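K.L.:
One structure, as C-alpha cells, below. Some questions next.
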Protein chains: 6
Amino acid sequence: MNTNEFEISRPVLVGDTADIHLHRALSILRSEGVNPDVVMEFTAGRDAVLCGVAEAKALLNRVLPEHGREVFALPEGTHVSKGEVVLRVRAPYASFGLYETAICGTLASCSGWATAARECVDAAGTIPVACVGARYVHPSVAGLLDYSAVSGGKCATGSSVLGGRLAGHTPTGTMPHALVLLLGDTVRALAAFDKHMPPEVPRVALVDTMRDEVEESLEVAKSLRDKLRGVRLETPEERGGVTPDLVKELRARLDQAGYNHVEIHVGGDMTPELIKLFVASKAPVAGFAVSRYVAGAQPVPFSADVKEISGKNVARRGRIPGLAQNPRLARVA
Amino acid sequence: MNTNEFEISRPVLVGDTADIHLHRALSILRSEGVNPDVVMEFTAGRDAVLCGVAEAKALLNRVLPEHGREVFALPEGTHVSKGEVVLRVRAPYASFGLYETAICGTLASCSGWATAARECVDAAGTIPVACVGARYVHPSVAGLLDYSAVSGGKCATGSSVLGGRLAGHTPTGTMPHALVLLLGDTVRALAAFDKHMPPEVPRVALVDTMRDEVEESLEVAKSLRDKLRGVRLETPEERGGVTPDLVKELRARLDQAGYNHVEIHVGGDMTPELIKLFVASKAPVAGFAVSRYVAGAQPVPFSADVKEISGKNVARRGRIPGLAQNPRLARVA
Amino acid sequence: MNTNEFEISRPVLVGDTADIHLHRALSILRSEGVNPDVVMEFTAGRDAVLCGVAEAKALLNRVLPEHGREVFALPEGTHVSKGEVVLRVRAPYASFGLYETAICGTLASCSGWATAARECVDAAGTIPVACVGARYVHPSVAGLLDYSAVSGGKCATGSSVLGGRLAGHTPTGTMPHALVLLLGDTVRALAAFDKHMPPEVPRVALVDTMRDEVEESLEVAKSLRDKLRGVRLETPEERGGVTPDLVKELRARLDQAGYNHVEIHVGGDMTPELIKLFVASKAPVAGFAVSRYVAGAQPVPFSADVKEISGKNVARRGRIPGLAQNPRLARVA
Amino acid sequence: MNTNEFEISRPVLVGDTADIHLHRALSILRSEGVNPDVVMEFTAGRDAVLCGVAEAKALLNRVLPEHGREVFALPEGTHVSKGEVVLRVRAPYASFGLYETAICGTLASCSGWATAARECVDAAGTIPVACVGARYVHPSVAGLLDYSAVSGGKCATGSSVLGGRLAGHTPTGTMPHALVLLLGDTVRALAAFDKHMPPEVPRVALVDTMRDEVEESLEVAKSLRDKLRGVRLETPEERGGVTPDLVKELRARLDQAGYNHVEIHVGGDMTPELIKLFVASKAPVAGFAVSRYVAGAQPVPFSADVKEISGKNVARRGRIPGLAQNPRLARVA
Amino acid sequence: MNTNEFEISRPVLVGDTADIHLHRALSILRSEGVNPDVVMEFTAGRDAVLCGVAEAKALLNRVLPEHGREVFALPEGTHVSKGEVVLRVRAPYASFGLYETAICGTLASCSGWATAARECVDAAGTIPVACVGARYVHPSVAGLLDYSAVSGGKCATGSSVLGGRLAGHTPTGTMPHALVLLLGDTVRALAAFDKHMPPEVPRVALVDTMRDEVEESLEVAKSLRDKLRGVRLETPEERGGVTPDLVKELRARLDQAGYNHVEIHVGGDMTPELIKLFVASKAPVAGFAVSRYVAGAQPVPFSADVKEISGKNVARRGRIPGLAQNPRLARVA
Amino acid sequence: MNTNEFEISRPVLVGDTADIHLHRALSILRSEGVNPDVVMEFTAGRDAVLCGVAEAKALLNRVLPEHGREVFALPEGTHVSKGEVVLRVRAPYASFGLYETAICGTLASCSGWATAARECVDAAGTIPVACVGARYVHPSVAGLLDYSAVSGGKCATGSSVLGGRLAGHTPTGTMPHALVLLLGDTVRALAAFDKHMPPEVPRVALVDTMRDEVEESLEVAKSLRDKLRGVRLETPEERGGVTPDLVKELRARLDQAGYNHVEIHVGGDMTPELIKLFVASKAPVAGFAVSRYVAGAQPVPFSADVKEISGKNVARRGRIPGLAQNPRLARVA
C-alpha cells in the first residue's frame, strides 16, 4: 500500500495531540537558538509484530524538510524483538520533535493490534480469520484497528468500511441481530438479505437470534438452499458460548439434511487458546472471527531516544549512546 | 462540561467507522420499508467506571430526530456493575442504527481508561495522580485518553494539549530528556526553562538524564533555589526503576541541604500495586504519574440490544426481553 | 425408619463378600478353641456424615447372640469427626468377626454418599435438592445411594424405586429424552404424560431435547397451561450446560408470557460450588438435582479395631488400647 | 469368562433399581401403543478401561427377545476414549428401556474400578498387585470390585471370596490384626496359621501388630524358617506408613540373618504415585496391595442415547443423530 | 551476663578474619594521615531477633580508645525491624575500621540463630524447647549457636558444653545411639546411665534404637520405675519420623501401665510448623528439641555505614546521610 | 593442600564444643570397662559437594591411636549423593567418640558453603567467581567459608586473609565505601590506592559511592587510565541493584571513551539464578562476587552411625547394619 493513503489529521499536525512538554521544549530551544541535526531512534519495548510505521512515515514526510533528512525503518508487519530499533530519523530537532508522542502512539496501538491478530492467525493455521472488533475501540481508531489486523496481523478481512479502504480489502459481515428482530425471524431476515443485497455479498446467516442454532441453521438452509454460503455461530456466554461440539453437531445435522455446502463460521470472543482448541478438536470451522482479544491488545511500548547530536554520540542515562546496530533497517526517506 | 464540546467527526457521521453489516441492514430495512420505533439498551459487560457517555450523547444529539426521541443515561464517571444498562435510546431504528459500532466503541475505550485511572487514583489516596500515557495510544485518541482519565478516572491532570481542552484542565509536563541532551545538562536545561517559560508554569526538573538522580536534584535545587517547585523521578527499568527508598533518600538529602520546599514527583510505569507500595512505605511523594497502565487498559465491553419494537418487548436469545430495571438512569434527551 | 427394613442378603450372611483372611482366622481360632468376648470399635477416618449404621445394626441383630451382646452406635445422619468411634460391639469374636468387611464397607459407601449429598443440601439453603445419581452406580447399590442421600444427606428425594422404599419417600423424575424422541416432540410427549399419568405425579417437562430450552418451555407451558408444574433444564455440556443466566432469561420469558406458576428445576452435573453460584446469583431455581457428585463420592474409610479381649485392654501397634471416649454413643442392642 | 456367571438379581429384573421416570415412560408408551425398534448407544464420558460389559450383556440376554435383536460391544478390559461408543443395542424399546439405569450404572462402577486398578498395575511394572479394597465398598458390590480390578484392571488377585469366583482366581490374604491380638502375639498366630491352614495357602505374616516390623519379621522367620513365604507391611499412618527405606532395611536385616527367601509385600493405602516411588527407589517389593485408591475410584460416566427409531436417524439436541462410527465394536448377540 | 565472658580470639584481633580490603584501606589512610572521628551505624537488613551484640561490644571494648569513644546499642534478644540501627560507634576510624567484617558477621550469625530459635519457642507456647543443633555447625561456633538460641531465642537449654558456659545454663542431653549399641540394649544402657551418672542428671531414655518406641519405653519404665524422668522420641525419617499420634499412643500406653510420671520429649527435625502441629493436636509433649532449623537459619544481613565524618553528615549513595533516629538505642560504652 | 594446615583448637580437643551426652556416654563406658573397636560411618543427608573432610582428617590424626586405626574418606570437593558414606573410621570407640559433634559439624558447614559456591561457579561458566561473604558469618568461621568456597566450591578467590592462607590463594578486594567517604571522592580514593598499594594489587575501583556508576567509572578511568584494571558494581537494592543493562551501558560508554581495557566486575547479592541471567543476556562481566548466597547456605546434614562393633554388624533401627558399599572411599589413615 501507499503511505499517501494515511492522511495526517490537523490536530496531530498542529500538535494538539502532543504532550505539552514537547511544546515547551521546542519553544525554549527556539528562544535559545538551538536546533542541531539529531538522530532519534524508536525502540520496541517487547517482542511484537510491527505496525503503524507506514503512518509514521506519512507524518514524517509531511513535516521533515525535503533535504538533509534521513529516515530508516523496518517494513510494516515485521516481527521485531525487544530492544530492536524500528525507526530512525535524522533531521533538525525542531522539524519533528513535536511529533514524538504521535509517532510512539501510532506504533504502540497499531503494533499491539497487529501482534494480537497475528497470534490468532497463527493459531488458526489454514483457516481464515476476520477481525470484527471495531465495536470495542473508539471510532477514531476503528479503521486503524482493522488496517493493523489485516496489514500487520495477516487477518483475511476486517469489518469496518474505513479499515477496508486503508488495508485494501472488502470488509466482512453477516447481519446484526437487530435485523432479525426487526424482520421477525431469521428466515425472513435472510430472505430480505438475499433479495436486496448484490450477488457478490456472500449469504451468511446469523443463526442464534431466536432459536436453537441447529434449528435455525436447518431452517435457513432449507429456505435459501444453494444460495446459502454459510452460517455464523455467536452463541452468547449466557448460553454457554460456541463449543467445538456444537460445530460438530451442526455439521453432522447439516450434512444429514444434504446441506454439505453450507460453511460454519465461528464468532464471539475467540482467543488464540480457544482457536487452538477448535483446531485441535478438528471441528469443521470455515472461518474464525476475533474481536475483543485483538481490540483489547496491550499497546507495544516504544521509546524515542536522541542518540546523536550534531554527529556526536549521546544518550540519556540508562541507554547506550550512538546508533544501535540493526542491519534490517532500510532507508525510506 | 458541555457535551457540545465533542465534535463528531465526518467519518463517524457518514458511517465509515461502522461495521459494514449495519450499512447492509439499514439498506435492507429501507428496501423493505421497515423503520419502527425501537428501544436499544447499552449494557456494561463488567464492573467499571463509565466514561464516553458524554460523547455518545453528542453523537445522538446530532443524528436523532428532535421529536419523539428519548435518551436515558448514567452520568460520566459513575461506577457501574456488570449487566447494568448505562444508556437507553428510543427512536426510529433507521435514525441511529448505523452508530451502534461507534457508541459501543466510545464507551468501551473511554470506560476502560477511566476505570484503570480510577484504580490508580484510589490507590494514591490523597496524593494527586497525573495521566501521562499519550505516547502509548494512537494520536487520534490521545486527547480522549486524558479526558477519560480526568473526567472519569479523577486524575488531577493529563499531559496532552487536547485532553486539557476536553476535560477543562491545564495539562502537566516537565521537560523531555531530549531538551536536557540538546542543552547539554540538566542545570542548563532548567535555567533555560526558567528563563523562557511564563511564571505560571511550575518549575519541575527531570533529574535522571545525565547523572545520579540525587546529584542532579541537588544541583538543580542549588541553581534555581526557591523557584524550583519539584523534581520528577523517571529512572528507567535498566537502572532499577524508581523505588520508595530512592524517594526517601532524595527527600533526606534535599532536606539536609535546606531544600525542604522541593517536591518529589514519581513517574514511570506506575501501577495501582506499585502506588500502594509507595503509599504503604510512607515515601514522601508529592504526585504520581501513570501512563502505560491506563493507556493499555482493557476496553470495557458493551452490548447493544434491541429490547422493544413498536412497544413490544423483544430480545435476542440469551437476553431478557423488554426494558431492564435501572432507577439510576436519567433522561438526558 | 426401622432397621428391619434392611434385609441382609445371603452372600453377606454366608461371608461370600468377606475378605478371605477373615474366614481363615475364624477357622484357625475354632481349631484352637479360642473365642473370647471382645470389644471391636469402628472409627471414622475423616470428618463425615454417618450413614449405613442402620444396616450395620440390622446385620448385627441377625448374627449376634441374643444374650450378652452389647452394641453402641451413633444415629444415622450424625456429623462425625476424624477419629471418632461410631459403632462399638461387644460379643464373642466368632459370632461377628466374619462381618468386619461388610460393616466397614456399608459404613464407607453410605457415609460417603451422605456426606456429599449433605454438602449439596447445605449449599442450596432453602431450595430442595433431589438425588438422581442412580445411573452412576451399580444397580446393586442404587437404592442405597438414594437412601443415603435422603436419610443421611437430607436430600428431598431420590430417583430410584428402591431408594424410595428404603428411605420412605416418593421418588422423583420427569421423563427420559427417549420418550420425547419416541413420541416425536416435547409437546406431544408431555400431552401423553398428562393423559396417562395419575394426577399426583407432578407434570414437569424436560425441555432441551429438540429445541432451544426457552422455546420448548414456552411451547409446553402453552399446551399444558395451569397443569404444568415446572420444567427441568439439563442442557448438556456440549451446549454449555445450565447457567444462572439461562434460568433468569427463562424465568423472565415465562413470566412475560403469563406462566409465573411454572417452576424451573436445574439438573445435570451440579456440585456444591455450582449450586452456590446459582444461589449467589439469585437465579430463581425451584429445585436442584444432583447426580455424579454424590454417586462418585469418596468412600469414608472406617477402621475396625479390637480394643478389649476378655476384659483386658489391647490394641494393635499404632492404636490406643481400651475403649475410646465418646459420650454420644448410645446402646442400641 | 462366561457371561452366564453373572446372575441378574430380581430387583434389577423387576426394575426396582431403575429411575422411576423409565417406569413412567414405558407405561405411557404402552398406553400410546408405541414400541418401535430403536438403536441405543452407550458412550464413555472419559478415557477409561471398560468393565461391566459382560454383566450388561448377561442382563440383555435375559431381557431382549431372541429374534431381531442386535447387540454390539467392546470386550471387557478395553481401553476406551472419551466419546467412544462401547455398547449398541437394537431392539424394540419396550424390551430394554427400563434397564438404562442398570446398564449405565454397571458400566460406570466397574469401569471406574478397573481404570483405577490398571493405573496401579501399570505403575507397578512387573511386580504383581492385589486388590484388597473390599472393606471400602458396600458388600453388595465387594465381589464386583474384585472382579473389575482383576478382569478389567489386570490385578493379580482380589481379597473377597465372591470376587475370586467371578473372576476365576484364588483370593489373597494374610491374617487380620484381630487374629494376632486374640492369639497373643505374631509368632503364635503364625504357628497356628501354619498348623491349621492347608499347605497351598502361602504363609505370609502380618508383622506390625505388636512390635517393630523388623523385629517381628525376624521372629517369624526364625520360627517358621523355610515355610515362611513372606511378610506383609501395613504400618499405619500414625506410625509413618510404609516407606521404601523400611523395605530396604527389612530386606537387609532378613538377608543378614539368612532369610533371603522371605518375600516382602507392601500394603496399606498405595496409590499409583506411591507405587512409582517404591519402584523408582528400587525397594525390593514382592507385591503391592491396593485398596482405597481402587475402591474409591470415580465412576466413569456413560450416556445412553437413542440414535435411530424405526430406521430413522435421531438424536437429542447436543448429540449427533445416527449411529456413531466405531469399527472396534463386535456383534455379541 | 557479662560481656567480659566473650574472649576475642587472636585471629580476630589481628584481622586475619577481616576482608582484605579493610587492611588496604587502613594502610592507605595511615599513609595519607587521615584518621578522623567517624560514626558508623550497623543496620538490620530484615526483621529479626538481635543477638551477638554482647560479643560485638566486647570486641569494641578491647580495641576502641578509652576516651572519646561512644557506643550505643540495643540489648541482646531485642526484636528489631528491617532498616533499624542496632549498634552505633563513634571513634577514630583507624581504631575499629578493621573489625567491620567481624562485627557484621557476629551479628549476622547470632541473630540468624536467635531468630529461628525464637520462632520455635513462640510456636511451642508454654512447652520448653532445647537447641540440640551443634552437630550441624562447625565446632568453632557450636557454643555460640547454643548461646544465641538461649540468650536471644529464649530456648530453655542447648546441648554443648561451651554453650552452657556462655549462656549460663546446664546443657541438656540423653544418650547417644552409640551407647545403646555398645551396651547391647536400651534397658542395659539406661541401667548403666543410672548407675554412673550423678543424681542431678535427669534420667531420660532414648527409645528408638533397637525396637518399637512404645515397647522400649515400657521396658525402660519397668526397669527404672520412679527414677525414670522421661523418654525422648527421635524416630528417623526412614521410619516415618515422630508424629502426634505416636506421642498420644505412647502416653496412653504409659498411663495404662501406671507410668504417668514419665515425660515424653520430642526431638528430631522439628520446625515451627511441625511444633504448631503437635501443639494444635494437643499431643502431650513435655519438651521439644530443635536442631537443623535453628543451626541452618539464614544469617541476618547487617550493613555498616559511615554516617558522620568529623561531625559532618555523610552517606554512600543509596543511604541517608547522618544519624538515624532510633530512641531505643542506649549508650553502652 | 596439606591437612596439617588445619590446627585443631583447644576447645574442640577437650570436648567443649561437643554435645554433653557424648561426655556422659564416654564416662559411662569407661566405668563399665567397655571400649571395643567400632566402625563409625558418616553419611551425607543430601546431594552435595563434600568439604571439611580435610579438617576432619586432621582432627582424627590428632586423636586416634597410631596403630590399629583405619580411616577411609572421599576427597575434598567430591560430588556426593544423598545416602553416600563419605568418611569411615575404625578405632576403639573411646578414642574418638567425643568428636562426633565436631566432625559432623565441620562437614555440615563446609559442605554447605562448598555446595552453594559450586552452584554459582557452575552458573558463571568461564567467568571467575569470588566469594566475599565473610561479613555474613561469625569471624570464627570466616576463613573456613572462604576455604570451602575455593577448595570445595571452585571459586577463584575469597576475601578474608585467613581464607587465603587456608586455601592457598591471594584474597581479593577493591576498597570499602568508607575509604571513599573518608577521602572525599572516588577519584581521590583511587589515586591514594594507586599511590600506596604495591603494584601487584590490581586497581579495581568501587564506583557507586557518590554518584552514578557510569559517571564515576568514566572519572576513575580518566584519572588512572591504563593502570585501571577494572571497576566493581555494587549498586544497593535501594537503587535497583546491578542489572545486565547497566553492565552493557557501562561497557558501551567505557568503550566509546576509549577504555576498552577496563574490566567490569559485578558484586552484590548474586545468586545462581541472577548469574545465569547475566550470562544469558551476554552482559560483558569480567567477574562475579557472591556473598550471602554462599554464606547463608543450608548446612548439609551428616549422620554418624556405628555399623560394626568388634567385627559384628550392627545398626540402630532405621539403618542397615554393617558397612555400606562405596568403592570411591580410599584409605587415608
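By order of appearance in the C-alpha cells: chains A, B, ..., then residues from 1 within every chain, and ligands from 1 in the order shown.
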Using only C-alpha atoms and a cut-off of 10 Å, which residues of chain C sit close to chain B? Please list them as an mmCIF file with C-alpha atoms, in the first residue's frame.

P.N.:
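Written file, out_32.cif:
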```cif
data_model
loop_
_atom_site.group_PDB
_atom_site.id
_atom_site.type_symbol
_atom_site.label_atom_id
_atom_site.label_comp_id
_atom_site.auth_asym_id
_atom_site.auth_seq_id
_atom_site.Cartn_x
_atom_site.Cartn_y
_atom_site.Cartn_z
ATOM 1 C CA ASP C 212 -33.882 -24.224 22.487
ATOM 2 C CA VAL C 214 -36.767 -21.367 26.264
ATOM 3 C CA GLU C 215 -38.702 -22.117 23.121
ATOM 4 C CA ASP C 245 -28.283 -16.522 33.104
ATOM 5 C CA LEU C 246 -30.297 -19.163 31.265
ATOM 6 C CA LYS C 248 -33.052 -15.897 34.599
ATOM 7 C CA GLU C 249 -33.880 -15.468 30.928
ATOM 8 C CA LEU C 250 -36.287 -18.409 31.012
ATOM 9 C CA ARG C 251 -37.976 -17.048 34.148
ATOM 10 C CA ALA C 252 -38.376 -13.645 32.508
ATOM 11 C CA ARG C 253 -39.774 -15.067 29.295
ATOM 12 C CA GLN C 256 -43.810 -12.213 30.338
#
```

K.L.:
Find the residues near Ser109 in chain E: any atom within 7 Å, counting only C-alpha atoms, skip ones fewer than 2 places away on the same chain, and give them as a ChimeraX atom specification.

P.N.:
/E:105-107,111-113,299-300 /F:136-138

K.L.:
Write out the residues from the selection above, keeping N, CA and C atoms, as an mmCIF file, in the first residue's frame.

P.N.:
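What follows is the written file selection38.cif:
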```
data_model
loop_
_atom_site.group_PDB
_atom_site.id
_atom_site.type_symbol
_atom_site.label_atom_id
_atom_site.label_comp_id
_atom_site.auth_asym_id
_atom_site.auth_seq_id
_atom_site.Cartn_x
_atom_site.Cartn_y
_atom_site.Cartn_z
ATOM 1 N N GLY E 105 29.615 -9.950 60.896
ATOM 2 C CA GLY E 105 29.493 -11.410 60.882
ATOM 3 C C GLY E 105 28.958 -11.952 62.193
ATOM 4 N N THR E 106 29.412 -11.385 63.290
ATOM 5 C CA THR E 106 28.932 -11.832 64.592
ATOM 6 C C THR E 106 27.428 -11.587 64.705
ATOM 7 N N LEU E 107 27.018 -10.381 64.355
ATOM 8 C CA LEU E 107 25.589 -10.064 64.428
ATOM 9 C C LEU E 107 24.790 -10.945 63.464
ATOM 10 N N SER E 111 22.246 -13.454 65.243
ATOM 11 C CA SER E 111 20.851 -13.025 65.084
ATOM 12 C C SER E 111 20.064 -14.032 64.247
ATOM 13 N N GLY E 112 20.726 -14.623 63.258
ATOM 14 C CA GLY E 112 20.049 -15.656 62.469
ATOM 15 C C GLY E 112 19.608 -16.809 63.355
ATOM 16 N N TRP E 113 20.528 -17.300 64.191
ATOM 17 C CA TRP E 113 20.189 -18.432 65.070
ATOM 18 C C TRP E 113 19.113 -18.036 66.086
ATOM 19 N N PRO E 299 21.591 -16.276 57.879
ATOM 20 C CA PRO E 299 22.159 -15.147 58.608
ATOM 21 C C PRO E 299 21.322 -13.889 58.362
ATOM 22 N N VAL E 300 21.286 -13.020 59.352
ATOM 23 C CA VAL E 300 20.602 -11.729 59.174
ATOM 24 C C VAL E 300 21.619 -10.745 58.605
ATOM 25 N N TYR F 136 28.979 -12.089 56.494
ATOM 26 C CA TYR F 136 27.708 -12.710 56.846
ATOM 27 C C TYR F 136 27.867 -13.918 57.761
ATOM 28 N N VAL F 137 29.115 -14.218 58.186
ATOM 29 C CA VAL F 137 29.297 -15.336 59.124
ATOM 30 C C VAL F 137 30.163 -14.883 60.289
ATOM 31 N N HIS F 138 30.036 -15.586 61.393
ATOM 32 C CA HIS F 138 30.839 -15.276 62.564
ATOM 33 C C HIS F 138 32.331 -15.363 62.189
#
```

K.L.:
Please extract the residues of range 68-265 of chain A with a backbone DSSP assignment of helix (DSSP H, G or I) and present them as a PyMOL selection string.

P.N.:
chain A and resi 93-95+97-124+134-136+139-152+161-167+177-183+186-196+213-227+237-239+244-256

K.L.:
For range 197-200 of chain C, list every protein, DNA or RNA residue within 9 Å, evaluated using only C-alpha atoms, and leave out those in the same chain fewer than 6 positions away; present the list as number ranges by chain.

P.N.:
D: 24, 27-28

K.L.:
Taking the chain letters and numbering used in this document, name the residues of range 27-245 of chain D that DSSP puts in strand (DSSP E), as an NGL selection string.

P.N.:
:D and (37-44 or 48-49 or 70-73 or 79-80 or 85-92 or 129-131 or 204-206 or 230-233)

K.L.:
Write a file of the selected residues as a PDB file, in the first residue's frame, keeping C-alpha atoms.

P.N.:
```pdb
ATOM      1  CA  ASP D  37     -37.292 -50.796  17.045  1.00  0.00           C
ATOM      2  CA  VAL D  38     -34.664 -48.384  18.283  1.00  0.00           C
ATOM      3  CA  VAL D  39     -30.912 -48.269  18.448  1.00  0.00           C
ATOM      4  CA  MET D  40     -29.489 -47.113  21.738  1.00  0.00           C
ATOM      5  CA  GLU D  41     -25.780 -46.345  22.092  1.00  0.00           C
ATOM      6  CA  PHE D  42     -23.814 -46.220  25.341  1.00  0.00           C
ATOM      7  CA  THR D  43     -20.931 -43.742  25.162  1.00  0.00           C
ATOM      8  CA  ALA D  44     -17.978 -43.288  27.529  1.00  0.00           C
ATOM      9  CA  ALA D  48     -11.178 -45.382  30.766  1.00  0.00           C
ATOM     10  CA  VAL D  49     -10.643 -49.118  30.956  1.00  0.00           C
ATOM     11  CA  GLU D  70     -28.640 -56.899  17.768  1.00  0.00           C
ATOM     12  CA  VAL D  71     -26.035 -56.198  20.423  1.00  0.00           C
ATOM     13  CA  PHE D  72     -22.592 -54.855  19.607  1.00  0.00           C
ATOM     14  CA  ALA D  73     -19.941 -54.335  22.258  1.00  0.00           C
ATOM     15  CA  HIS D  79      -9.018 -49.014  26.774  1.00  0.00           C
ATOM     16  CA  VAL D  80     -11.760 -46.660  25.552  1.00  0.00           C
ATOM     17  CA  VAL D  85     -19.472 -45.948  21.859  1.00  0.00           C
ATOM     18  CA  VAL D  86     -18.874 -49.147  23.865  1.00  0.00           C
ATOM     19  CA  LEU D  87     -22.251 -50.872  23.572  1.00  0.00           C
ATOM     20  CA  ARG D  88     -25.004 -50.658  20.943  1.00  0.00           C
ATOM     21  CA  VAL D  89     -28.408 -52.288  21.256  1.00  0.00           C
ATOM     22  CA  ARG D  90     -31.022 -52.606  18.534  1.00  0.00           C
ATOM     23  CA  ALA D  91     -34.351 -53.946  19.797  1.00  0.00           C
ATOM     24  CA  PRO D  92     -37.917 -52.859  20.496  1.00  0.00           C
ATOM     25  CA  VAL D 129      -0.709 -56.049  42.518  1.00  0.00           C
ATOM     26  CA  ALA D 130      -3.542 -57.380  44.700  1.00  0.00           C
ATOM     27  CA  CYS D 131      -6.824 -55.557  45.262  1.00  0.00           C
ATOM     28  CA  VAL D 204       2.610 -64.664  54.742  1.00  0.00           C
ATOM     29  CA  ALA D 205       2.854 -62.942  58.115  1.00  0.00           C
ATOM     30  CA  LEU D 206       1.464 -59.582  59.136  1.00  0.00           C
ATOM     31  CA  GLY D 230       6.778 -63.676  53.097  1.00  0.00           C
ATOM     32  CA  VAL D 231       5.776 -60.815  55.349  1.00  0.00           C
ATOM     33  CA  ARG D 232       3.293 -58.014  54.700  1.00  0.00           C
ATOM     34  CA  LEU D 233       3.976 -54.436  55.843  1.00  0.00           C
TER      35      LEU D 233
END
```

K.L.:
Just the residues within 10 Å of range 57-65 of chain D, please, counting only C-alpha atoms, with nothing from its chain fewer than 6 positions along; format it as a ChimeraX atom specification.

P.N.:
/D:2-9,12-13,71-73,87,89-96,99,102-103,332-333

K.L.:
List as a list in words the protein and nucleic acid residues near Gly133 in chain C, meaning an atom at most 8 Å away when only C-alpha atoms are counted, but skip any in the same chain fewer than 5 places from it.

P.N.:
Leu145, Asp146, Ser159, Val290, Ser291, Arg292, Val294 and Ala295 of chain C

K.L.:
Could the residues in this selection be saved with all heavy atoms as a compact mmCIF listing (two decimals), in the first residue's frame?

P.N.:
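Wrote selection_13.txt, looks like this:
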```txt
# COMPACT_ATOMS: atom_id res chain seq x y z
N LEU C 145 -27.83 -45.77 47.51
CA LEU C 145 -27.38 -44.41 47.21
C LEU C 145 -28.48 -43.42 47.54
O LEU C 145 -28.26 -42.42 48.24
CB LEU C 145 -27.00 -44.32 45.72
CG LEU C 145 -26.90 -42.92 45.12
CD1 LEU C 145 -25.74 -42.15 45.74
CD2 LEU C 145 -26.73 -42.99 43.60
N ASP C 146 -29.69 -43.69 47.03
CA ASP C 146 -30.79 -42.77 47.29
C ASP C 146 -31.14 -42.73 48.78
O ASP C 146 -31.41 -41.67 49.35
CB ASP C 146 -32.02 -43.17 46.47
CG ASP C 146 -31.87 -42.77 45.01
OD1 ASP C 146 -30.90 -42.07 44.69
OD2 ASP C 146 -32.72 -43.18 44.19
N SER C 159 -34.27 -40.90 43.00
CA SER C 159 -34.94 -41.20 41.74
C SER C 159 -35.28 -42.67 41.57
O SER C 159 -36.07 -43.02 40.69
CB SER C 159 -34.07 -40.74 40.57
OG SER C 159 -32.87 -41.50 40.54
N VAL C 290 -28.94 -33.42 41.82
CA VAL C 290 -27.51 -33.76 41.85
C VAL C 290 -27.35 -35.22 41.46
O VAL C 290 -28.23 -36.03 41.71
CB VAL C 290 -26.91 -33.52 43.25
CG1 VAL C 290 -26.93 -32.05 43.59
CG2 VAL C 290 -27.63 -34.32 44.31
N SER C 291 -26.25 -35.53 40.84
CA SER C 291 -26.08 -36.92 40.42
C SER C 291 -24.65 -37.39 40.63
O SER C 291 -24.35 -38.04 41.62
CB SER C 291 -26.49 -37.06 38.95
OG SER C 291 -25.74 -36.16 38.14
N ARG C 292 -23.76 -37.01 39.70
CA ARG C 292 -22.42 -37.57 39.72
C ARG C 292 -21.63 -37.17 40.95
O ARG C 292 -20.82 -37.95 41.44
CB ARG C 292 -21.69 -37.10 38.47
CG ARG C 292 -20.81 -38.12 37.90
CD ARG C 292 -20.59 -37.82 36.46
NE ARG C 292 -19.34 -37.12 36.28
CZ ARG C 292 -18.91 -36.67 35.11
NH1 ARG C 292 -19.67 -36.80 34.03
NH2 ARG C 292 -17.78 -36.07 35.00
N VAL C 294 -22.62 -36.85 43.96
CA VAL C 294 -22.97 -37.71 45.09
C VAL C 294 -22.60 -39.16 44.80
O VAL C 294 -21.97 -39.83 45.61
CB VAL C 294 -24.47 -37.58 45.42
CG1 VAL C 294 -24.86 -38.55 46.53
CG2 VAL C 294 -24.79 -36.15 45.84
N ALA C 295 -22.96 -39.62 43.60
CA ALA C 295 -22.69 -41.03 43.27
C ALA C 295 -21.19 -41.34 43.27
O ALA C 295 -20.78 -42.45 43.59
CB ALA C 295 -23.29 -41.37 41.91
```

K.L.:
Find the residues around Glu219 in chain B up to 10 Å (only C-alpha atoms counted), leave out those fewer than 5 positions away in its own chain, and share them as a ChimeraX atom specification.

P.N.:
/B:186-187,207,213-214,224-225

K.L.:
If we count only C-alpha atoms and set the cut-off at 8 Å, which residues sit around Thr235 in chain A, ignoring sequence neighbours fewer than 4 positions away in its own chain? Please answer as a list of chain:residue names.

P.N.:
A:Asp208, A:Glu213, A:Arg239, A:Gly240, A:Gly241, A:Val242, A:Gly268

K.L.:
Report, in Å to a single decimal, how far apart CA of Pro139 in chain E and CA of Thr170 in chain F are.

P.N.:
25.9 Å

K.L.:
Do you have the CA of Phe278 in chain E-CA of Cys120 in chain E distance handy?

P.N.:
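CA of Phe278 in chain E sits 12.1 Å away from CA of Cys120 in chain E.
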